[in-house]
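Chemist: Below are the structure tokens for one structure; questions will follow.
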Protein chains: 2
Amino acid sequence: MNARPVIAIHGGAGTILRSAMNTETEAGYHAALADILRAGERILADGGSALDAVTEAVRLLEDCPLFNAGHGAVFTAAGTHELDASVMDGATLEAGAISCVTRVKNPVLAARRVLDVSDHVMFTGAGAEAFAEAQGLEFVEPSYFYTEARYQQWLKARGTSGTMLDHDAMTKFAVENDPIDPDRKFGTVGAVALDANGHLAAATSTGGITNKQAGRVGDAPLIGAGCYANDATCAVSTTGTGEMFIRMLAAYDVSAQMEYRGVSLEEASSDVVMEKLPRIEGRGGLVAVDAKGNVVLPFNTEGMYRGFARVGDAPVTAIYR
Amino acid sequence: MNARPVIAIHGGAGTILRSAMNTETEAGYHAALADILRAGERILADGGSALDAVTEAVRLLEDCPLFNAGHGAVFTAAGTHELDASVMDGATLEAGAISCVTRVKNPVLAARRVLDVSDHVMFTGAGAEAFAEAQGLEFVEPSYFYTEARYQQWLKARGTSGTMLDHDAMTKFAVENDPIDPDRKFGTVGAVALDANGHLAAATSTGGITNKQAGRVGDAPLIGAGCYANDATCAVSTTGTGEMFIRMLAAYDVSAQMEYRGVSLEEASSDVVMEKLPRIEGRGGLVAVDAKGNVVLPFNTEGMYRGFARVGDAPVTAIYR
């Protein structure tokens with residue numbers, strides 16, 4: 001008998017600023033996470049695929065202004081938005097990814113179309129937009145991605161030295177209360193799921209980092225770094241200092257350790273997040289699920305917006321350790 | 001005592017058309033490979049780093065019109081050239097990559113600058129060009145990448161149904177003799193090296209596939225797919241049907257199998273190239289070296305332009321099985 005279907009999501013990781021805690025803000029994050037988990041859970045309960053569940057969960061995370069992906073994405077140094085997304089199907093090892101799109105409303109849907117209809121795995125920039133347009137995906141004006149909080153964050157970041165390593169400078173710059181230190185919060189969203197047929201899938205999406213140099217690609221659209229799924233092992237979506245996750249192949253490494261070392265999902269993901277990433281100063285976390293329905297949500301920062309929901313159970317959400 | 005320094009390179013893989021063999025053409029490829037190997041060997045003999053040796057070897061492969069990277073790159077469906085490259089340092093696990101640049105003379109030098117000076121790992125498109133320009137790298141007119149052979153190949157490809165899965169349609173379209181079937185030759189170049197200090201490095205570069213959709217990103221610029229290096233295990237550069245190499249994390253998988261299964265470089269690379277890739281119809285090969293100086297050059301096609309040179313020995317080059 002297959003394990004009970006389950007979905008897990010994340011909305012970024014970082015360091016808690018205890019001084020900035022705010023019950024109302026916190027409740028907003030919990031509610032948003034729970035709503036999105038319920039939507040994914042419903043798909044799984046109806047016999048939908050893990051691939052459909054993660055795509056829909058990430059689409060909703062993109063639409064939610066609280067998270068750094070889609071609407072609510074951060075600004076680049078050029079004052080624009082550049083969005084990346086990826087998705088992988090553990091049943092077939094098929095994958096789709098796009099990077100540096102600026103007008104596609106839901107980057108994860110473009111990544112999903114790449115997976116579904118293209119012989120290719122990844123498109124970038126204008127070519128990615130041309131693909132999305134040919135596929136009839138919804139386009140928006142760049143202003144759609146604008147949110148006042150991100151704009152204020154960007155204005156402040158421009159005045160500081162260097163890039164802000166995060167999607168959300170609200171606390172630091174007093175734009176809005178947020179309990180996570182903006183310098184140490186990493187703005188990616190993602191989802192992993194196990195469906196009733198025992199199939200796994202993962203999806204990840206991001207707006208990158210505030211005031212980033214144009215054209216910078218993080219781990220989110222890179223298969224094996226920010227996203228990986230394989231029915232034989234696990235499905236993984238990561239969030240953190242993208243460059244270190246790329247160099248460590250963080251998502252695939254969890255799978256490789258399970259396959260080649262024969263360790264559990266928990267042991268493999270703990271090794272990646274708590275041992276290997278810190279060795280190169282990699283900060284962040286991941287959500288992952290295996291074919292037995294085990295779910296892990298490890299992170300080496302003080303907080304990570306996260307949650308999971310098993311079909312039939314109420315969603316569980318958390319922010320801090 | 002450290003192993004003797006060694007460098008290995010490749011210039012694409014494919015299926016031999018025995019009917020199209022031509023001694024003169026073949027000799028040209030051998031001579032080009034040997035010259036480039038000698039240049040890399042010289043750097044290693046002088047105590048240079050593996051990182052410098054692979055960067056220089058790939059720069060020379062880019063400059064050589066015989067190979068699909070830099071000068072001699074294939075045309076996209078739009079009649080343009082889009083170039084990708086990556087490099088990784090096994091000593092530090094630092095990496096640099098760029099994709100979809102159109103005016104940078106040597107993409108591998110841009111990838112190397114990303115590794116050397118940027119906090120980021122990957123840049124794409126106009127942002128990648130802006131980075132390269134700020135770094136003072138040499139820019140060329142798009143016409144620099146033009147070669148008559150590639151142009152004729154593109155004209156012919158446009159008349160056929162679909163993308164040509166390769167960089168070199170010379171034989172099929174009788175532009176020039178070439179012993180490798182254009183439908184099954186995969187145009188990437190790459191190098192791996194071990195230096196006198198026991199450090200490993202890898203670099204990969206490509207012009208993609210003839211008549212490809214604009215914006216398509218293959219495995220060449222993706223760390224872990226087309227390029228990987230780790231002093232603890234091995235350095236790998238791949239060439240083949242890029243999408244399958246991405247889905248398999250082909251380059252990193254060799255390292256992961258060595259690290260987690262404890263198998264040799266030969267066993268790990270053979271498993272990836274001869275077992276795992278064929279399961280998803282992945283065609284191509286790789287060159288790899290480990291810290292003991294073992295070199296492997298496996299491929300599952302009928303041919304791969306390849307060679308290696310140990311310091312103090314004459315280069316060994318090969319095309320067919």
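Scheme for the structure tokens: letters A, B, ... for chains in order shown; per-chain residue numbers from 1; ligand numbers from 1 in order shown.
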Taking only C-alpha atoms into account and nothing else, which residues of chain B lie no more than 8 Å away from chain A? Please answer as a ChimeraX atom specification.

Modeler: /B:93-95,100,119-128,213-218,222-224,243,246-247,249,252-253,256-257,260-261

Chemist: Report as an MDAnalysis selection string all protein, DNA and RNA residues lying within 8 Å of range 270-278 of chain B, evaluated on only C-alpha atoms, omitting residues in the same chain fewer than 2 positions from it.

Modeler: chainID B and resid 244:245 248 250 253:254 266:268 280:286 298:300

Chemist: Would you pick out the contacts of Ala31 in chain B at 12 Å or less, using only C-alpha atoms, so that residues sharing its chain but fewer than 5 positions from it are not included, and give the list as a list in words?

Modeler: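 What passes the distance filter is Glu24, Thr25, Glu26, Ile36, Leu37, Arg38, Cys64, Leu66, Tyr305, Arg306, Gly307, Pro315, Val316, Thr317, Ala318 and Ile319 of chain B.
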
Chemist: Where in range 82-125 of chain B does DSSP assign helix (DSSP H, G or I), given as a list in words?

Modeler: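 So, restricting range 82-125 of chain B to helix (DSSP H, G or I), we get Pro107, Val108, Leu109, Ala110, Ala111, Arg112, Arg113, Val114, Leu115, Asp116, Val117 and Gly125 of chain B.
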
Chemist: Which neighbours of Val189 in chain A fall inside 8 Å, counting only C-alpha atoms, when residues of the same chain fewer than 4 positions from it are skipped, and could you give them as a CSV table (one decimal) with N, CA, C and O atoms, in the first residue's frame?

Modeler:
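Below is the file part06.csv, written as the result:
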chain,number,residue,atom,x,y,z
A,9,ILE,N,5.8,22.7,1.8
A,9,ILE,CA,6.2,23.9,1.1
A,9,ILE,C,7.2,24.8,2.0
A,9,ILE,O,7.3,24.6,3.2
A,10,HIS,N,7.9,25.7,1.3
A,10,HIS,CA,8.7,26.7,2.1
A,10,HIS,C,8.5,28.0,1.4
A,10,HIS,O,8.2,28.1,0.2
A,11,GLY,N,8.8,29.1,2.2
A,11,GLY,CA,8.7,30.4,1.6
A,11,GLY,C,9.9,31.3,2.0
A,11,GLY,O,9.8,32.5,2.1
A,12,GLY,N,11.0,30.6,2.2
A,12,GLY,CA,12.3,31.4,2.5
A,12,GLY,C,12.8,31.1,3.9
A,12,GLY,O,12.0,30.7,4.8
A,58,VAL,N,3.2,26.2,-5.8
A,58,VAL,CA,4.2,27.3,-6.1
A,58,VAL,C,3.5,28.4,-6.8
A,58,VAL,O,3.8,29.6,-6.6
A,61,LEU,N,2.1,30.4,-4.1
A,61,LEU,CA,3.2,31.1,-3.4
A,61,LEU,C,3.7,32.3,-4.3
A,61,LEU,O,4.0,33.4,-3.7
A,62,GLU,N,3.7,32.2,-5.6
A,62,GLU,CA,4.1,33.3,-6.5
A,62,GLU,C,3.0,34.4,-6.4
A,62,GLU,O,3.4,35.6,-6.4
A,67,PHE,N,5.7,36.5,-0.2
A,67,PHE,CA,6.9,35.7,-0.6
A,67,PHE,C,7.6,36.2,-1.8
A,67,PHE,O,6.9,36.8,-2.7
A,68,ASN,N,8.9,36.0,-1.9
A,68,ASN,CA,9.7,36.6,-2.9
A,68,ASN,C,9.7,35.7,-4.2
A,68,ASN,O,10.6,35.0,-4.5
A,69,ALA,N,8.6,35.7,-4.9
A,69,ALA,CA,8.4,35.0,-6.2
A,69,ALA,C,7.2,35.6,-6.8
A,69,ALA,O,6.2,35.9,-6.1
A,204,THR,N,10.2,24.9,-7.6
A,204,THR,CA,10.9,26.0,-6.8
A,204,THR,C,10.8,27.3,-7.7
A,204,THR,O,10.8,27.2,-8.9
A,205,SER,N,10.6,28.5,-7.0
A,205,SER,CA,10.5,29.7,-7.8
A,205,SER,C,11.0,30.9,-7.0
A,205,SER,O,11.0,30.8,-5.7
A,206,THR,N,11.6,31.9,-7.6
A,206,THR,CA,12.2,33.0,-6.9
A,206,THR,C,12.2,34.3,-7.7
A,206,THR,O,12.2,34.3,-8.9
A,239,THR,N,16.0,26.5,-0.3
A,239,THR,CA,16.0,28.0,-0.2
A,239,THR,C,17.2,28.4,0.6
A,239,THR,O,17.6,27.8,1.6
